[in-house]
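Engineer: I am attaching a structure below and will ask some questions about it afterwards.
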Amino acid sequence: MFSRSSRLRMAAADTFALVVYCFIAGLIIEVFLSGMTLQQSLSSRLVAVPVNIAIAWPFGLYRDAMLRLARHRCPGRFWVRNLADLTAYVSFQSPVYVLILLAVGADSHQIMTAVTSNAISSMILGVVYGYFLEYCRRLFHVAGYVQ
């Protein structure tokens, strides 16, 4: 029905990946690291779902552009891809995350802790998300960024 290069198929894969990944990762960070209650975190995660739906495809395009730039600057270096994934994830997701936490009534201390924890944990999360996104794109039979 849709070709491997279909924009709709790419958007669906990117949306699925971001919604699932951010729900799980955000819940863990908010409850176990930031001290938010489970109710606050679930509220945050539910607010994040439509936000993630809205930003998933633009983020996927942004990430792909960052990876192409990194590949162009330092071809053949495995760590550069991981660094580009990390940079894309933190620079795109952190401002969105602050707005979500503000919307659910987190206080400034909780927001600072959650965003800082997220930025630090993104040293792992951003890279893992990149691999998860590529996995989801393969599940959806989409030709995404693959070296």
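A note on labels: chains of the structure tokens are A, B, ... as shown, every chain counts residues from 1, and ligands are counted from 1 in their shown order.
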Write out as a count of residues only each polymer residue whose atoms come within 6 Å of region 54-61 of chain A, counting only C-alpha atoms; drop sequence neighbours fewer than 3 positions from it.
Structural biologist: 6
Engineer: Within 7 Å of Ala70 (chain A), counting only C-alpha atoms, which residues qualify if same-chain residues fewer than 2 places away don't, as a PyMOL selection string?
Structural biologist: chain A and resi 66-68+72-74+80-81+84
Engineer: Going by DSSP on the backbone, which bits of chain A are alpha helix (DSSP H)? Write them as a ChimeraX atom specification, please.
Structural biologist: /A:7-28,38-73,78-103,108-139
Engineer: Give me the residues within 10 Å of Ser121 (chain A) as a ChimeraX atom specification, counting only C-alpha atoms and dropping any in the same chain fewer than 4 places off.
Structural biologist: /A:25,29,86,90,115-117,125-126
Engineer: Given the selection you just returned, output its residues as a file containing C-alpha atoms, formatted as an mmCIF file, in the first residue's frame.
Structural biologist:
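What ended up in result06.cif:
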data_model
loop_
_atom_site.group_PDB
_atom_site.id
_atom_site.type_symbol
_atom_site.label_atom_id
_atom_site.label_comp_id
_atom_site.auth_asym_id
_atom_site.auth_seq_id
_atom_site.Cartn_x
_atom_site.Cartn_y
_atom_site.Cartn_z
ATOM 1 C CA ALA A 25 11.903 6.233 29.897
ATOM 2 C CA ILE A 29 13.118 9.020 35.354
ATOM 3 C CA LEU A 86 22.857 11.915 21.883
ATOM 4 C CA VAL A 90 19.029 16.206 24.166
ATOM 5 C CA VAL A 115 15.423 17.735 32.986
ATOM 6 C CA THR A 116 18.947 17.456 34.401
ATOM 7 C CA SER A 117 18.461 13.738 35.057
ATOM 8 C CA LEU A 125 18.907 7.246 26.434
ATOM 9 C CA GLY A 126 19.659 9.220 23.274
#
Engineer: Considering only C-alpha atoms, return as JSON, numbers by chain whatever protein or nucleic-acid residues lie within 10 Å of Gln93 (chain A), sequence-local ones (same chain, fewer than 2 positions apart) excluded.
Structural biologist: {"A": [22, 52, 55, 59, 87, 88, 89, 90, 91, 95, 96, 97, 98, 115, 118, 119, 122, 126]}
Engineer: Using only C-alpha atoms, find the one residue out of A:Cys136, A:Arg45, A:Leu8, A:Ala13 that sits nearest to Glu30 (chain A).
Structural biologist: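 Under the stated criterion, the closest residue is A:Arg45.
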Engineer: Out of A:Val31, A:Val127, A:Met112, A:Leu139, which residue has the shortest atom-to-atom distance to Ser43 (chain A) when counting only C-alpha atoms?
Structural biologist: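 That would be A:Val31, the residue with the smallest distance to Ser43 (chain A).
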Engineer: Return the single residue from A:Ala17, A:Ile53, A:Met10, A:Leu27 that is closest to Gln39 (chain A), with distances computed using only C-alpha atoms.
Structural biologist: A:Leu27
Engineer: To one decimal place, how far is CA of Leu42 (chain A) from CA of Gln110 (chain A) in Å?
Structural biologist: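 These two atoms are separated by 14.8 Å.
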Engineer: Just give me the gap between CA of Ala103 (chain A) and CA of Val47 (chain A) in Å, one decimal is fine.
Structural biologist: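 So the answer is 8.0 Å.
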Engineer: Which is closer to Phe132 (chain A) than all the others in A:Ala65, A:Phe16, A:Leu99, A:Gly26, using only C-alpha atoms?
Structural biologist: A:Phe16
